[in-house]
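Chemist: Below is a structure I'd like to ask you about.
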Amino acid sequence: MIATVALAGGTANAEQSRAAPRLSPEDPNGAWAGYSVPGGRDAQARYLPAGAVSGMDVSGHQGDVDWPRAWADGARFAYVKATEGTGFRNARFGQQYDGSHDVGMIRGAYHFGLPDRSAGRDQANFFVDNGGGWRHDGRTLPGALDIEYNPYGEACYGLDPTAMSRWIADFSDTYHARTGRFPVIYTTTNWWNRCTASNPDFAPNNPLWVARYGTDLGALPAGWDYQTIWQHNDKGTFPGGQDTFNGNNKQLKRFIS
């Protein structure tokens, strides 16, 4: 188990609700993990526990990544966007996914979910078939479902909380059946509590990758007592998102095994 991290300053205020920015459907790189996260882009995380492992996440928006430089700067794991919906593949996936592995990082893939486009099972299968699988090789993170404010339309994709929860469960169960691992869920506290009506049922199986940009972690989505990964900024030392694993290197190795 990953140890719970105590936070300096206690529980922070919850995210402020806001309308998500709209992205162009013609953008060749699509959405990315954290496109809808408000505030704090110039802030640094105030409290990171001793021994915590630093990492990053990238999409096609980062282009070809200088992985030796990211490794030299201290990144030890990376999530790479693989897919979106059932028709989008990251054109830079090979350079990013294989490049991070080649310099020694633990790496994994993530899928940007679009629940209004197709069933959860269809998107999970598309993800696994296009780089999102998991291997028991000691170097691969379980795949992640990025579920946050809709880039192209209504915030909760036109689904009520029950339907949204069923969609996420359909994705999660299909991914588990295909790979033997439940996917990590990437989300924000605000979106999760709004669009799933604070559903606590995913926390026992799905590790949490929580996004909050600012100087502290704040409240977690309903059900989770701790995060596995915290994305605390979308720019900083490394290209793309700035992430911290909630544990040391030994715990990270245990998590992926």
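Here, A, B, ... name the chains of the structure tokens in the order displayed, residue numbers run from 1 inside each chain, and ligands are numbered from 1 in the same displayed order.
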For the structure I just gave you, how does DSSP split segment 5-252 of chain A - specifically, which residues are strand (DSSP E or B)? Reply as an NGL selection string.

Modeler: :A and (53-58 or 77-84 or 88-89 or 106-112 or 140 or 144-146 or 184-187 or 208-211 or 229-233 or 241-245)

Chemist: What's around Leu23 of chain A at 10 Å? Count only C-alpha atoms, leave out sequence neighbours fewer than 2 positions away in its own chain, and write the answer as an MDAnalysis selection string.

Modeler: chainID A and resid 20:21 25:27 30:31 35 150:153

Chemist: Hey, can you spit out that residue selection with N, CA and C atoms as an mmCIF file, in the first residue's frame?

Modeler:
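Result went into result-v9.cif, see below:
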data_model
loop_
_atom_site.group_PDB
_atom_site.id
_atom_site.type_symbol
_atom_site.label_atom_id
_atom_site.label_comp_id
_atom_site.auth_asym_id
_atom_site.auth_seq_id
_atom_site.Cartn_x
_atom_site.Cartn_y
_atom_site.Cartn_z
ATOM 1 N N ALA A 20 -15.455 24.866 -18.204
ATOM 2 C CA ALA A 20 -14.231 24.407 -18.833
ATOM 3 C C ALA A 20 -13.999 25.140 -20.148
ATOM 4 N N PRO A 21 -12.760 25.391 -20.496
ATOM 5 C CA PRO A 21 -12.493 26.015 -21.790
ATOM 6 C C PRO A 21 -12.853 25.063 -22.919
ATOM 7 N N PRO A 25 -12.252 21.195 -32.125
ATOM 8 C CA PRO A 25 -12.258 19.790 -32.551
ATOM 9 C C PRO A 25 -11.226 19.502 -33.639
ATOM 10 N N GLU A 26 -10.708 20.566 -34.260
ATOM 11 C CA GLU A 26 -9.713 20.391 -35.313
ATOM 12 C C GLU A 26 -8.285 20.351 -34.775
ATOM 13 N N ASP A 27 -8.101 20.540 -33.482
ATOM 14 C CA ASP A 27 -6.756 20.509 -32.904
ATOM 15 C C ASP A 27 -6.144 19.129 -33.131
ATOM 16 N N GLY A 30 -5.598 17.173 -29.775
ATOM 17 C CA GLY A 30 -6.701 16.903 -28.866
ATOM 18 C C GLY A 30 -6.514 17.532 -27.495
ATOM 19 N N ALA A 31 -7.196 16.953 -26.522
ATOM 20 C CA ALA A 31 -7.119 17.430 -25.146
ATOM 21 C C ALA A 31 -5.923 16.805 -24.439
ATOM 22 N N TYR A 35 -6.181 20.012 -18.931
ATOM 23 C CA TYR A 35 -6.552 21.179 -19.729
ATOM 24 C C TYR A 35 -7.588 22.039 -19.011
ATOM 25 N N ASN A 150 -15.469 18.367 -20.044
ATOM 26 C CA ASN A 150 -15.583 18.102 -21.474
ATOM 27 C C ASN A 150 -14.886 19.188 -22.290
ATOM 28 N N PRO A 151 -13.935 18.824 -23.140
ATOM 29 C CA PRO A 151 -13.256 19.840 -23.942
ATOM 30 C C PRO A 151 -14.143 20.461 -25.014
ATOM 31 N N TYR A 152 -15.193 19.743 -25.406
ATOM 32 C CA TYR A 152 -15.906 20.115 -26.619
ATOM 33 C C TYR A 152 -17.394 20.392 -26.414
ATOM 34 N N GLY A 153 -17.876 20.311 -25.181
ATOM 35 C CA GLY A 153 -19.308 20.495 -24.974
ATOM 36 C C GLY A 153 -19.668 20.593 -23.508
#

Chemist: If we count only C-alpha atoms and set the cut-off at 7 Å, which residues sit around Gln227 of chain A, ignoring sequence neighbours fewer than 6 positions away in its own chain? Please answer as a list in words.

Modeler: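 After dropping sequence-adjacent residues, the list is Leu208, Trp209, Val210 and Asn246 of chain A.
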
Chemist: Based on the selection just made, write N, CA and C atoms of those residues as a CSV table (one decimal), in the first residue's frame.

Modeler:
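And here is the file that came out, selection.csv:
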chain,number,residue,atom,x,y,z
A,208,LEU,N,-5.9,6.8,-7.5
A,208,LEU,CA,-6.2,8.1,-7.8
A,208,LEU,C,-5.0,8.9,-8.3
A,209,TRP,N,-5.1,9.6,-9.4
A,209,TRP,CA,-4.2,10.6,-9.9
A,209,TRP,C,-5.0,11.9,-9.9
A,210,VAL,N,-4.7,12.7,-8.9
A,210,VAL,CA,-5.6,13.9,-8.7
A,210,VAL,C,-4.8,15.1,-9.3
A,246,ASN,N,3.1,9.5,-4.5
A,246,ASN,CA,2.9,9.5,-3.1
A,246,ASN,C,3.6,8.3,-2.4

Chemist: May I have a table of the residues of segment 29-109 of chain A lying at most 12 Å from segment 168-190 of chain A, giving each one's closest pair of atoms and their distance in Å to one decimal, counting only C-alpha atoms, ordered by chain and ascending residue number, as CSV?

Modeler:
residue,atom,partner,partner_atom,distance
A:Trp32,CA,A:Tyr186,CA,11.1
A:Ala33,CA,A:Tyr186,CA,7.8
A:Gly34,CA,A:Thr187,CA,8.3
A:Tyr35,CA,A:Thr187,CA,11.0
A:Ser36,CA,A:Thr188,CA,9.0
A:Val37,CA,A:Thr188,CA,7.4
A:Pro38,CA,A:Thr188,CA,9.8
A:Asp57,CA,A:Tyr186,CA,11.4
A:Tyr79,CA,A:Tyr186,CA,10.9
A:Lys81,CA,A:Tyr186,CA,11.9
A:Gly85,CA,A:Phe171,CA,11.4
A:Gly108,CA,A:Val184,CA,10.3
A:Ala109,CA,A:Val184,CA,10.2

Chemist: Among segment 89-208 of chain A, which ones does DSSP assign to alpha helix (DSSP H) (computed from the backbone)? Answer as JSON, numbers by chain.

Modeler: {"A": [93, 94, 95, 96, 97, 98, 99, 100, 101, 102, 120, 121, 122, 123, 124, 125, 126, 127, 161, 162, 163, 164, 165, 166, 167, 168, 169, 170, 171, 172, 173, 174, 175, 176, 177, 178, 179, 189, 190, 191, 192, 193, 194, 195]}

Chemist: Need the shell around Pro161 of chain A: protein/DNA/RNA residues with any atom at most 7 Å away, counting only C-alpha atoms. Skip same-chain ones fewer than 2 positions apart. Format as a VMD selection string?

Modeler: chain A and resid 159 163 to 165 195 to 197

Chemist: Would you mind exporting the chosen residues as a short mmCIF file (atom, residue, chain, number, x, y, z; two decimals), in the first residue's frame, restricted to all heavy atoms?

Modeler:
data_model
loop_
_atom_site.label_atom_id
_atom_site.label_comp_id
_atom_site.auth_asym_id
_atom_site.auth_seq_id
_atom_site.Cartn_x
_atom_site.Cartn_y
_atom_site.Cartn_z
N LEU A 159 -24.34 13.52 -19.37
CA LEU A 159 -24.73 12.35 -18.59
C LEU A 159 -25.08 12.77 -17.17
O LEU A 159 -24.42 13.63 -16.58
CB LEU A 159 -23.60 11.32 -18.54
CG LEU A 159 -23.11 10.77 -19.88
CD1 LEU A 159 -22.06 9.70 -19.64
CD2 LEU A 159 -24.25 10.22 -20.72
N ALA A 163 -25.49 7.67 -14.87
CA ALA A 163 -24.99 7.24 -16.17
C ALA A 163 -23.48 7.43 -16.27
O ALA A 163 -22.77 6.59 -16.85
CB ALA A 163 -25.70 8.01 -17.28
N MET A 164 -22.97 8.51 -15.71
CA MET A 164 -21.52 8.74 -15.74
C MET A 164 -20.79 7.66 -14.94
O MET A 164 -19.77 7.11 -15.40
CB MET A 164 -21.20 10.12 -15.16
CG MET A 164 -19.70 10.43 -15.14
SD MET A 164 -18.94 10.44 -16.77
CE MET A 164 -19.60 11.99 -17.41
N SER A 165 -21.30 7.32 -13.78
CA SER A 165 -20.67 6.28 -12.97
C SER A 165 -20.67 4.94 -13.70
O SER A 165 -19.69 4.18 -13.66
CB SER A 165 -21.38 6.17 -11.63
OG SER A 165 -21.22 7.34 -10.86
N CYS A 195 -19.90 15.58 -11.27
CA CYS A 195 -20.41 14.78 -12.38
C CYS A 195 -20.70 13.32 -12.01
O CYS A 195 -21.39 12.62 -12.76
CB CYS A 195 -19.45 14.84 -13.56
SG CYS A 195 -19.32 16.51 -14.27
N THR A 196 -20.19 12.85 -10.85
CA THR A 196 -20.58 11.52 -10.36
C THR A 196 -21.40 11.61 -9.08
O THR A 196 -21.69 10.57 -8.47
CB THR A 196 -19.35 10.64 -10.08
OG1 THR A 196 -18.70 11.07 -8.88
CG2 THR A 196 -18.37 10.65 -11.25
N ALA A 197 -21.77 12.83 -8.67
CA ALA A 197 -22.48 13.04 -7.40
C ALA A 197 -21.69 12.45 -6.23
O ALA A 197 -22.24 11.78 -5.37
CB ALA A 197 -23.90 12.47 -7.44
#

Chemist: In terms of the shortest atom-to-atom distance over only C-alpha atoms, which of A:Glu84, A:Glu154, A:Asp146, A:Asp98 is closest to Asp122 of chain A?

Modeler: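 Among the listed residues, the smallest separation from Asp122 of chain A belongs to A:Glu84.
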
Chemist: One decimal, in Å: what's the spacing between atom CA of Phe88 of chain A and atom CA of Arg107 of chain A?

Modeler: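 Atom CA of Arg107 of chain A lies 20.3 Å from atom CA of Phe88 of chain A.
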
Chemist: Between A:His61, A:Arg22, A:His111, A:Arg92, which residue has the minimum interatomic distance to Gly240 of chain A, considering only C-alpha atoms?

Modeler: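 Closest to Gly240 of chain A of all the choices is A:His61.
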
Chemist: For a test of reading the model, state the distance in Å between atom CA of Pro115 of chain A and atom CA of Leu145 of chain A, rounded to one decimal.

Modeler: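 Answer for the atom CA of Pro115 of chain A to atom CA of Leu145 of chain A separation: 11.3 Å.
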
Chemist: One number please: atom CA of Phe245 of chain A to atom CA of Gly55 of chain A, in Å, one decimal.

Modeler: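 A separation of 7.3 Å between them.
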
Chemist: Rank A:Asn206, A:Gln123, A:Asn193, A:Asn130 by their smallest atom-to-atom distance to Glu148 of chain A, using only C-alpha atoms, and report the top residue only.

Modeler: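 Smallest distance to Glu148 of chain A is found for A:Asn193.
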
Chemist: Neighbours of Gly74 of chain A within 12 Å (only C-alpha atoms; same-chain residues fewer than 6 positions away dropped), as a PDB file with N, CA, C and O atoms, in the first residue's frame?

Modeler:
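Result went into around_19.pdb, see below:
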ATOM      1  N   ALA A  52       9.761  11.483  -1.941  1.00  0.00           N
ATOM      2  CA  ALA A  52       8.725  11.387  -2.966  1.00  0.00           C
ATOM      3  C   ALA A  52       9.371  11.371  -4.347  1.00  0.00           C
ATOM      4  O   ALA A  52      10.402  12.002  -4.581  1.00  0.00           O
ATOM      5  N   VAL A  53       8.732  10.646  -5.270  1.00  0.00           N
ATOM      6  CA  VAL A  53       9.286  10.461  -6.603  1.00  0.00           C
ATOM      7  C   VAL A  53       8.644  11.451  -7.568  1.00  0.00           C
ATOM      8  O   VAL A  53       7.418  11.536  -7.662  1.00  0.00           O
ATOM      9  N   SER A  54       9.461  12.180  -8.305  1.00  0.00           N
ATOM     10  CA  SER A  54       8.978  13.163  -9.262  1.00  0.00           C
ATOM     11  C   SER A  54       8.758  12.528 -10.629  1.00  0.00           C
ATOM     12  O   SER A  54       9.507  11.641 -11.053  1.00  0.00           O
ATOM     13  N   GLY A  55       7.717  13.014 -11.320  1.00  0.00           N
ATOM     14  CA  GLY A  55       7.427  12.520 -12.652  1.00  0.00           C
ATOM     15  C   GLY A  55       6.751  13.586 -13.487  1.00  0.00           C
ATOM     16  O   GLY A  55       6.688  14.762 -13.109  1.00  0.00           O
ATOM     17  N   MET A  56       6.222  13.173 -14.629  1.00  0.00           N
ATOM     18  CA  MET A  56       5.682  14.110 -15.603  1.00  0.00           C
ATOM     19  C   MET A  56       4.637  13.407 -16.452  1.00  0.00           C
ATOM     20  O   MET A  56       4.543  12.172 -16.461  1.00  0.00           O
ATOM     21  N   TRP A  67      14.092  13.319 -23.579  1.00  0.00           N
ATOM     22  CA  TRP A  67      14.012  12.430 -22.423  1.00  0.00           C
ATOM     23  C   TRP A  67      15.301  12.374 -21.615  1.00  0.00           C
ATOM     24  O   TRP A  67      15.239  12.335 -20.368  1.00  0.00           O
ATOM     25  N   PRO A  68      16.490  12.358 -22.233  1.00  0.00           N
ATOM     26  CA  PRO A  68      17.703  12.405 -21.397  1.00  0.00           C
ATOM     27  C   PRO A  68      17.743  13.633 -20.493  1.00  0.00           C
ATOM     28  O   PRO A  68      18.178  13.550 -19.340  1.00  0.00           O
ATOM     29  N   VAL A 103      15.357   5.835 -21.432  1.00  0.00           N
ATOM     30  CA  VAL A 103      16.271   6.513 -20.505  1.00  0.00           C
ATOM     31  C   VAL A 103      16.169   5.958 -19.089  1.00  0.00           C
ATOM     32  O   VAL A 103      16.882   6.409 -18.195  1.00  0.00           O
ATOM     33  N   GLY A 104      15.267   4.993 -18.866  1.00  0.00           N
ATOM     34  CA  GLY A 104      15.179   4.345 -17.561  1.00  0.00           C
ATOM     35  C   GLY A 104      13.938   4.659 -16.753  1.00  0.00           C
ATOM     36  O   GLY A 104      13.793   4.174 -15.627  1.00  0.00           O
ATOM     37  N   MET A 105      13.040   5.479 -17.306  1.00  0.00           N
ATOM     38  CA  MET A 105      11.834   5.824 -16.547  1.00  0.00           C
ATOM     39  C   MET A 105      10.831   4.674 -16.524  1.00  0.00           C
ATOM     40  O   MET A 105      10.760   3.858 -17.445  1.00  0.00           O
ATOM     41  N   GLY A 236       6.831  23.508 -15.443  1.00  0.00           N
ATOM     42  CA  GLY A 236       7.835  23.520 -14.388  1.00  0.00           C
ATOM     43  C   GLY A 236       9.140  22.941 -14.893  1.00  0.00           C
ATOM     44  O   GLY A 236       9.567  23.200 -16.022  1.00  0.00           O
ATOM     45  N   THR A 237       9.766  22.121 -14.094  1.00  0.00           N
ATOM     46  CA  THR A 237      11.069  21.555 -14.422  1.00  0.00           C
ATOM     47  C   THR A 237      11.029  20.685 -15.664  1.00  0.00           C
ATOM     48  O   THR A 237      11.959  20.690 -16.476  1.00  0.00           O
ATOM     49  N   PHE A 238       9.957  19.920 -15.822  1.00  0.00           N
ATOM     50  CA  PHE A 238       9.853  18.959 -16.912  1.00  0.00           C
ATOM     51  C   PHE A 238       8.858  19.439 -17.964  1.00  0.00           C
ATOM     52  O   PHE A 238       7.978  20.244 -17.670  1.00  0.00           O
ATOM     53  N   PRO A 239       8.955  18.928 -19.179  1.00  0.00           N
ATOM     54  CA  PRO A 239       7.920  19.221 -20.165  1.00  0.00           C
ATOM     55  C   PRO A 239       6.562  18.678 -19.692  1.00  0.00           C
ATOM     56  O   PRO A 239       6.486  17.625 -19.056  1.00  0.00           O
ATOM     57  N   GLN A 242       3.438  18.363 -14.201  1.00  0.00           N
ATOM     58  CA  GLN A 242       4.401  18.080 -13.129  1.00  0.00           C
ATOM     59  C   GLN A 242       3.705  17.192 -12.094  1.00  0.00           C
ATOM     60  O   GLN A 242       2.679  17.570 -11.528  1.00  0.00           O
ATOM     61  N   ASP A 243       4.271  16.015 -11.852  1.00  0.00           N
ATOM     62  CA  ASP A 243       3.609  15.018 -11.021  1.00  0.00           C
ATOM     63  C   ASP A 243       4.515  14.545  -9.890  1.00  0.00           C
ATOM     64  O   ASP A 243       5.743  14.543 -10.014  1.00  0.00           O
ATOM     65  N   THR A 244       3.870  14.109  -8.812  1.00  0.00           N
ATOM     66  CA  THR A 244       4.595  13.524  -7.688  1.00  0.00           C
ATOM     67  C   THR A 244       3.893  12.250  -7.252  1.00  0.00           C
ATOM     68  O   THR A 244       2.677  12.254  -7.002  1.00  0.00           O
TER      69      THR A 244
END
